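Source file: my_file_16.txt (compact mmCIF, N, CA and C atoms)
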```txt
# COMPACT_ATOMS: atom_id res chain seq x y z
N MET A 30 69.97 99.94 94.03
CA MET A 30 71.13 99.93 93.16
C MET A 30 72.40 100.27 93.95
N LYS A 31 72.32 101.32 94.80
CA LYS A 31 73.49 101.71 95.59
C LYS A 31 73.91 100.58 96.53
N LYS A 32 72.94 99.87 97.09
CA LYS A 32 73.24 98.76 97.99
C LYS A 32 73.99 97.65 97.28
N THR A 33 73.58 97.36 96.04
CA THR A 33 74.23 96.32 95.25
C THR A 33 75.68 96.68 94.97
N TRP A 34 75.93 97.92 94.59
CA TRP A 34 77.31 98.36 94.34
C TRP A 34 78.16 98.30 95.61
N GLY A 35 77.58 98.71 96.72
CA GLY A 35 78.31 98.67 97.99
C GLY A 35 78.68 97.25 98.38
N LEU A 36 77.75 96.32 98.20
CA LEU A 36 78.04 94.91 98.50
C LEU A 36 79.10 94.36 97.56
N LEU A 37 79.01 94.72 96.28
CA LEU A 37 79.99 94.25 95.30
C LEU A 37 81.38 94.77 95.62
N ILE A 38 81.49 96.04 95.94
CA ILE A 38 82.79 96.63 96.28
C ILE A 38 83.35 95.98 97.54
N SER A 39 82.50 95.76 98.54
CA SER A 39 82.95 95.11 99.78
C SER A 39 83.45 93.70 99.51
N ALA A 40 82.73 92.95 98.68
CA ALA A 40 83.14 91.58 98.36
C ALA A 40 84.47 91.56 97.64
N VAL A 41 84.67 92.47 96.69
CA VAL A 41 85.94 92.53 95.96
C VAL A 41 87.08 92.89 96.91
N ALA A 42 86.87 93.84 97.81
CA ALA A 42 87.91 94.25 98.76
C ALA A 42 88.29 93.09 99.69
N ILE A 43 87.32 92.37 100.19
CA ILE A 43 87.60 91.24 101.08
C ILE A 43 88.33 90.14 100.32
N SER A 44 87.92 89.86 99.10
CA SER A 44 88.59 88.84 98.29
C SER A 44 90.04 89.20 98.04
N ALA A 45 90.30 90.46 97.74
CA ALA A 45 91.67 90.90 97.50
C ALA A 45 92.53 90.76 98.75
N MET A 46 91.96 91.10 99.90
CA MET A 46 92.72 91.00 101.15
C MET A 46 93.05 89.55 101.46
N LEU A 47 92.08 88.66 101.32
CA LEU A 47 92.32 87.25 101.61
C LEU A 47 93.25 86.60 100.60
N ALA A 48 93.28 87.08 99.39
CA ALA A 48 94.16 86.52 98.37
C ALA A 48 95.62 86.76 98.71
N GLY A 49 95.92 87.76 99.54
CA GLY A 49 97.32 88.03 99.92
C GLY A 49 97.96 86.84 100.58
N CYS A 50 97.27 86.17 101.48
CA CYS A 50 97.85 85.02 102.15
C CYS A 50 97.65 83.73 101.38
N GLY A 51 96.60 83.61 100.66
CA GLY A 51 96.33 82.37 99.96
C GLY A 51 96.82 82.42 98.54
N GLY A 52 97.62 83.39 98.20
CA GLY A 52 98.05 83.58 96.82
C GLY A 52 98.88 82.44 96.29
N ASP A 53 98.98 82.40 94.99
CA ASP A 53 99.75 81.38 94.30
C ASP A 53 101.24 81.63 94.48
N LYS A 54 102.03 80.60 94.53
CA LYS A 54 103.47 80.71 94.75
C LYS A 54 104.21 81.29 93.56
N GLN A 55 103.56 81.55 92.44
CA GLN A 55 104.25 82.03 91.26
C GLN A 55 104.57 83.51 91.32
N GLU A 56 104.15 84.18 92.36
CA GLU A 56 104.46 85.60 92.47
C GLU A 56 105.97 85.77 92.65
N THR A 57 106.51 86.83 92.10
CA THR A 57 107.95 87.02 92.14
C THR A 57 108.38 87.74 93.41
N ALA A 58 109.64 87.57 93.77
CA ALA A 58 110.19 88.22 94.95
C ALA A 58 110.31 89.71 94.70
N ALA A 59 110.05 90.49 95.73
CA ALA A 59 110.18 91.93 95.64
C ALA A 59 111.21 92.39 96.66
N GLY A 60 111.67 93.59 96.54
CA GLY A 60 112.57 94.11 97.54
C GLY A 60 113.93 94.42 96.97
N GLY A 61 114.05 94.43 95.66
CA GLY A 61 115.28 94.91 95.07
C GLY A 61 116.34 93.86 94.90
N ASP A 62 117.50 94.07 95.55
CA ASP A 62 118.69 93.30 95.25
C ASP A 62 118.86 92.06 96.12
N GLN A 63 117.82 91.54 96.72
CA GLN A 63 117.99 90.36 97.54
C GLN A 63 118.24 89.15 96.66
N ALA A 64 119.23 88.39 97.04
CA ALA A 64 119.59 87.17 96.32
C ALA A 64 118.81 86.00 96.89
N PRO A 65 118.81 84.86 96.21
CA PRO A 65 118.18 83.67 96.78
C PRO A 65 118.83 83.30 98.10
N ALA A 66 118.18 82.43 98.85
CA ALA A 66 118.64 82.04 100.18
C ALA A 66 120.13 81.68 100.17
N ALA A 67 120.84 82.24 101.11
CA ALA A 67 122.28 82.02 101.22
C ALA A 67 122.56 81.10 102.40
N ALA A 68 123.54 80.26 102.24
CA ALA A 68 123.96 79.39 103.34
C ALA A 68 125.25 79.95 103.91
N THR A 69 125.17 80.53 105.09
CA THR A 69 126.36 81.06 105.74
C THR A 69 126.41 80.54 107.16
N GLU A 70 127.58 80.69 107.76
CA GLU A 70 127.77 80.24 109.13
C GLU A 70 126.85 80.98 110.09
N ASN A 71 126.70 82.28 109.90
CA ASN A 71 125.85 83.10 110.77
C ASN A 71 124.58 83.45 110.01
N ALA A 72 123.66 82.51 109.93
CA ALA A 72 122.41 82.75 109.21
C ALA A 72 121.22 82.42 110.10
N ILE A 73 120.15 83.17 109.89
CA ILE A 73 118.88 82.81 110.50
C ILE A 73 117.90 82.55 109.35
N ASN A 74 117.10 81.52 109.51
CA ASN A 74 116.15 81.13 108.49
C ASN A 74 114.74 81.41 109.00
N ILE A 75 114.10 82.37 108.39
CA ILE A 75 112.76 82.77 108.79
C ILE A 75 111.78 82.30 107.72
N GLU A 76 110.79 81.54 108.14
CA GLU A 76 109.75 81.07 107.23
C GLU A 76 108.40 81.60 107.70
N ALA A 77 107.58 82.03 106.77
CA ALA A 77 106.26 82.54 107.08
C ALA A 77 105.20 81.65 106.44
N SER A 78 104.18 81.38 107.23
CA SER A 78 103.01 80.66 106.72
C SER A 78 101.79 81.39 107.25
N ASN A 79 100.62 80.93 106.92
CA ASN A 79 99.40 81.63 107.32
C ASN A 79 99.13 81.42 108.79
N TRP A 80 99.18 82.25 109.61
CA TRP A 80 99.65 83.60 109.81
C TRP A 80 100.64 83.58 110.94
N LYS A 81 101.79 83.01 110.69
CA LYS A 81 102.81 82.87 111.73
C LYS A 81 104.18 82.72 111.11
N PHE A 82 105.19 82.91 111.96
CA PHE A 82 106.58 82.64 111.58
C PHE A 82 106.99 81.30 112.19
N ASN A 83 108.05 80.70 111.68
CA ASN A 83 108.47 79.38 112.16
C ASN A 83 109.06 79.40 113.56
N GLN A 84 109.45 80.56 114.08
CA GLN A 84 109.95 80.69 115.45
C GLN A 84 109.44 82.01 116.02
N GLU A 85 109.39 82.07 117.35
CA GLU A 85 108.97 83.32 118.00
C GLU A 85 110.13 84.30 118.12
N SER A 86 111.38 83.78 118.18
CA SER A 86 112.54 84.67 118.26
C SER A 86 113.74 84.06 117.55
N PHE A 87 114.61 84.95 117.11
CA PHE A 87 115.84 84.58 116.41
C PHE A 87 116.97 85.35 117.07
N GLU A 88 118.10 84.70 117.29
CA GLU A 88 119.20 85.32 118.04
C GLU A 88 120.46 85.44 117.19
N VAL A 89 121.11 86.60 117.30
CA VAL A 89 122.39 86.85 116.63
C VAL A 89 123.31 87.59 117.60
N LYS A 90 124.59 87.67 117.24
CA LYS A 90 125.57 88.38 118.07
C LYS A 90 125.78 89.79 117.55
N ALA A 91 125.82 90.74 118.47
CA ALA A 91 126.05 92.14 118.11
C ALA A 91 127.42 92.29 117.46
N GLY A 92 127.48 93.12 116.43
CA GLY A 92 128.74 93.42 115.77
C GLY A 92 129.22 92.37 114.79
N GLU A 93 128.51 91.27 114.63
CA GLU A 93 128.90 90.22 113.69
C GLU A 93 127.92 90.16 112.52
N PRO A 94 128.45 90.08 111.30
CA PRO A 94 127.54 89.99 110.16
C PRO A 94 126.76 88.67 110.19
N PHE A 95 125.51 88.73 109.76
CA PHE A 95 124.68 87.54 109.65
C PHE A 95 123.76 87.71 108.44
N THR A 96 123.24 86.60 107.97
CA THR A 96 122.35 86.62 106.81
C THR A 96 120.96 86.16 107.24
N ILE A 97 119.96 86.91 106.82
CA ILE A 97 118.58 86.52 107.00
C ILE A 97 118.14 85.83 105.71
N ASN A 98 117.70 84.59 105.81
CA ASN A 98 117.12 83.87 104.69
C ASN A 98 115.62 83.81 104.95
N PHE A 99 114.83 84.38 104.05
CA PHE A 99 113.39 84.43 104.25
C PHE A 99 112.67 83.70 103.13
N LYS A 100 111.59 82.99 103.53
CA LYS A 100 110.79 82.28 102.55
C LYS A 100 109.34 82.20 103.02
N SER A 101 108.40 82.45 102.11
CA SER A 101 106.98 82.22 102.38
C SER A 101 106.71 80.76 102.03
N THR A 102 106.27 79.99 103.00
CA THR A 102 105.99 78.57 102.74
C THR A 102 104.51 78.33 102.47
N GLU A 103 103.68 79.29 102.84
CA GLU A 103 102.24 79.20 102.59
C GLU A 103 101.72 80.61 102.42
N GLY A 104 101.12 80.92 101.29
CA GLY A 104 100.64 82.26 101.03
C GLY A 104 101.76 83.19 100.59
N PHE A 105 101.47 84.47 100.60
CA PHE A 105 102.44 85.49 100.20
C PHE A 105 102.67 86.42 101.37
N HIS A 106 103.89 86.45 101.89
CA HIS A 106 104.24 87.24 103.06
C HIS A 106 105.55 87.99 102.80
N GLY A 107 105.95 88.78 103.75
CA GLY A 107 107.21 89.47 103.71
C GLY A 107 107.66 89.75 105.13
N ILE A 108 108.86 90.29 105.28
CA ILE A 108 109.31 90.69 106.61
C ILE A 108 109.95 92.07 106.57
N GLY A 109 109.74 92.77 107.64
CA GLY A 109 110.43 94.00 107.95
C GLY A 109 110.90 93.86 109.38
N ILE A 110 111.94 94.61 109.75
CA ILE A 110 112.42 94.60 111.13
C ILE A 110 112.52 96.05 111.57
N GLU A 111 111.77 96.39 112.64
CA GLU A 111 111.75 97.77 113.13
C GLU A 111 113.16 98.23 113.48
N GLY A 112 113.51 99.40 112.98
CA GLY A 112 114.80 100.01 113.28
C GLY A 112 115.94 99.51 112.42
N LEU A 113 115.68 98.54 111.54
CA LEU A 113 116.73 98.02 110.66
C LEU A 113 116.26 98.11 109.21
N ASP A 114 117.20 98.16 108.29
CA ASP A 114 116.89 98.26 106.88
C ASP A 114 116.65 96.87 106.29
N VAL A 115 115.50 96.28 106.64
CA VAL A 115 115.15 94.95 106.14
C VAL A 115 113.76 95.03 105.52
N ASP A 116 113.67 94.65 104.26
CA ASP A 116 112.41 94.61 103.53
C ASP A 116 112.53 93.49 102.49
N ILE A 117 112.03 92.32 102.85
CA ILE A 117 112.06 91.16 101.95
C ILE A 117 110.63 90.69 101.77
N GLN A 118 110.25 90.40 100.53
CA GLN A 118 108.90 89.90 100.27
C GLN A 118 108.97 88.61 99.48
N ASN A 119 108.19 87.64 99.93
CA ASN A 119 108.02 86.31 99.37
C ASN A 119 109.24 85.42 99.59
N GLU A 120 110.42 85.82 99.09
CA GLU A 120 111.62 85.01 99.27
C GLU A 120 112.85 85.87 99.00
N GLY A 121 113.89 85.69 99.78
CA GLY A 121 115.12 86.42 99.56
C GLY A 121 116.02 86.38 100.77
N SER A 122 117.17 87.01 100.63
CA SER A 122 118.18 87.05 101.69
C SER A 122 118.73 88.45 101.83
N LYS A 123 119.22 88.73 103.01
CA LYS A 123 119.87 90.01 103.26
C LYS A 123 120.93 89.79 104.34
N THR A 124 122.12 90.30 104.08
CA THR A 124 123.21 90.22 105.06
C THR A 124 123.37 91.59 105.69
N LEU A 125 123.46 91.60 107.03
CA LEU A 125 123.63 92.85 107.74
C LEU A 125 124.37 92.61 109.05
N THR A 126 124.77 93.70 109.67
CA THR A 126 125.43 93.68 110.97
C THR A 126 124.68 94.65 111.88
N VAL A 127 124.32 94.19 113.06
CA VAL A 127 123.64 95.04 114.03
C VAL A 127 124.61 95.24 115.20
N ASP A 128 125.00 96.47 115.42
CA ASP A 128 125.97 96.76 116.48
C ASP A 128 125.34 96.93 117.85
N LYS A 129 124.09 97.35 117.89
CA LYS A 129 123.43 97.65 119.16
C LYS A 129 122.63 96.45 119.65
N ALA A 130 123.00 95.96 120.84
CA ALA A 130 122.27 94.85 121.45
C ALA A 130 120.85 95.29 121.79
N GLY A 131 119.94 94.34 121.75
CA GLY A 131 118.55 94.63 122.09
C GLY A 131 117.62 93.69 121.37
N GLU A 132 116.33 94.00 121.46
CA GLU A 132 115.32 93.22 120.78
C GLU A 132 114.68 94.07 119.70
N TYR A 133 114.53 93.50 118.52
CA TYR A 133 113.97 94.19 117.37
C TYR A 133 112.75 93.42 116.88
N LYS A 134 111.67 94.12 116.62
CA LYS A 134 110.41 93.50 116.20
C LYS A 134 110.46 93.11 114.72
N ILE A 135 110.20 91.83 114.45
CA ILE A 135 110.07 91.31 113.09
C ILE A 135 108.56 91.24 112.81
N PHE A 136 108.15 91.73 111.66
CA PHE A 136 106.73 91.74 111.33
C PHE A 136 106.51 91.43 109.85
N CYS A 137 105.34 90.94 109.54
CA CYS A 137 104.97 90.71 108.14
C CYS A 137 104.66 92.07 107.53
N ASN A 138 105.30 92.39 106.41
CA ASN A 138 105.10 93.69 105.78
C ASN A 138 104.24 93.61 104.52
N VAL A 139 103.50 92.51 104.38
CA VAL A 139 102.55 92.34 103.28
C VAL A 139 101.18 92.09 103.93
N VAL A 140 100.21 92.92 103.65
CA VAL A 140 98.88 92.70 104.22
C VAL A 140 98.37 91.37 103.68
N CYS A 141 98.20 90.40 104.60
CA CYS A 141 98.00 89.02 104.16
C CYS A 141 96.72 88.37 104.66
N GLY A 142 95.86 89.10 105.29
CA GLY A 142 94.60 88.50 105.70
C GLY A 142 94.21 88.86 107.12
N PRO A 143 93.22 88.16 107.65
CA PRO A 143 92.62 88.53 108.93
C PRO A 143 93.57 88.51 110.13
N ASP A 144 94.56 87.65 110.15
CA ASP A 144 95.48 87.58 111.29
C ASP A 144 96.85 88.17 110.97
N HIS A 145 96.90 89.03 109.96
CA HIS A 145 98.16 89.69 109.57
C HIS A 145 98.84 90.37 110.76
N GLY A 146 98.07 91.06 111.58
CA GLY A 146 98.63 91.80 112.72
C GLY A 146 99.27 90.92 113.77
N LYS A 147 98.97 89.63 113.76
CA LYS A 147 99.53 88.70 114.73
C LYS A 147 100.87 88.13 114.29
N MET A 148 101.29 88.45 113.07
CA MET A 148 102.55 87.91 112.55
C MET A 148 103.71 88.74 113.09
N ILE A 149 104.13 88.39 114.28
CA ILE A 149 105.19 89.11 114.98
C ILE A 149 106.20 88.09 115.53
N ALA A 150 107.46 88.41 115.41
CA ALA A 150 108.54 87.63 116.04
C ALA A 150 109.56 88.67 116.52
N LYS A 151 110.66 88.21 117.09
CA LYS A 151 111.67 89.18 117.51
C LYS A 151 113.07 88.70 117.14
N LEU A 152 113.91 89.67 116.85
CA LEU A 152 115.32 89.44 116.62
C LEU A 152 116.03 89.89 117.88
N VAL A 153 116.71 88.95 118.54
CA VAL A 153 117.43 89.26 119.77
C VAL A 153 118.91 89.39 119.41
N VAL A 154 119.45 90.57 119.66
CA VAL A 154 120.86 90.85 119.38
C VAL A 154 121.58 90.92 120.73
N LYS A 155 122.53 90.00 120.94
CA LYS A 155 123.26 89.94 122.23
C LYS A 155 124.69 90.38 122.06
```
The structure in this file should be written as structure tokens.
Amino acid sequence: MKKTWGLLISAVAISAMLAGCGGDKQETAAGGDQAPAAATENAINIEASNWKFNQESFEVKAGEPFTINFKSTEGFHGIGIEGLDVDIQNEGSKTLTVDKAGEYKIFCNVVCGPDHGKMIAKLVVK
């Protein structure tokens, strides 16, 4: 009996984890006040699919405002950027200015399946 419960719990946990990336597109955007994708002169467009981003790096100029437009094109994903106040899930935009030049790690902030940890890109601020 204990073995059956353990197998059932394991199966449910694995199904829930895999559903993160293969989820239906009807899930709503999270992350508060993010507006739909904005078209600005200084914009970067980040798209996430199972289990990658559309580019390995994105470049912006230090001290200039820019808009991040994010969209999950396959599954349910999100982005965070280490050291910056960015938290967008499924779809949204955020405008910010980064004064310090350097490289910042972009990562998927929604546990989305077996290759979730490989969803890494970088923001290069020059």
**OP:** Find, counting only C-alpha atoms, the residue in A:Lys90, A:Glu76, A:Ala150, A:His106 that gets nearest to Ile135 of chain A.
**Re:**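 That would be A:Ala150, the residue with the smallest distance to Ile135 of chain A.
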Subject >> Point-to-point distance from atom N of Gly92 of chain A to atom C of Val139 of chain A, Å rounded to tenths >> reply: 29.1 Å
**OP:** Fewer than 3 positions away in the same chain doesn't count, so skip those; otherwise give me all residues within 7 Å of Ile73 of chain A, counting all atoms listed in the file, as a ChimeraX atom specification.
**Re:** /A:87,95-99
Subject >> strand (DSSP E or B) call set, DSSP backbone run, segment 71-126 of chain A, as a VMD selection string >> reply: chain A and resid 72 to 78 81 to 82 86 to 89 95 to 101 107 to 110 116 to 118 120 to 125
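Residue nearest Asp128 of chain A, chosen from A:Gln84, A:Gly107, A:Val154, A:Asp144 and counting only N, CA and C atoms: A:Val154.
Shortest atom-to-atom contact with Glu120 of chain A among A:Ile108, A:Ala72, A:Val153, A:Ala91: A:Ile108, counting all atoms listed in the file.
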Subject >> Long-range neighbours of Glu93 of chain A as an NGL selection string, 8 Å cut-off, only N, CA and C atoms, 4 positions minimum in chain >> reply: :A and (71 or 89 or 125-128)
Original post:
So what do you get for atom N of Thr124 of chain A versus atom N of Asn74 of chain A, distance-wise?
Top reply: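 Going from atom N of Thr124 of chain A over to atom N of Asn74 of chain A covers 11.5 Å.
Using all atoms listed in the file, the smallest distance between any of A:Gly112, A:Gly146, A:Ile75, A:Lys100 and Lys134 of chain A comes from A:Gly112.
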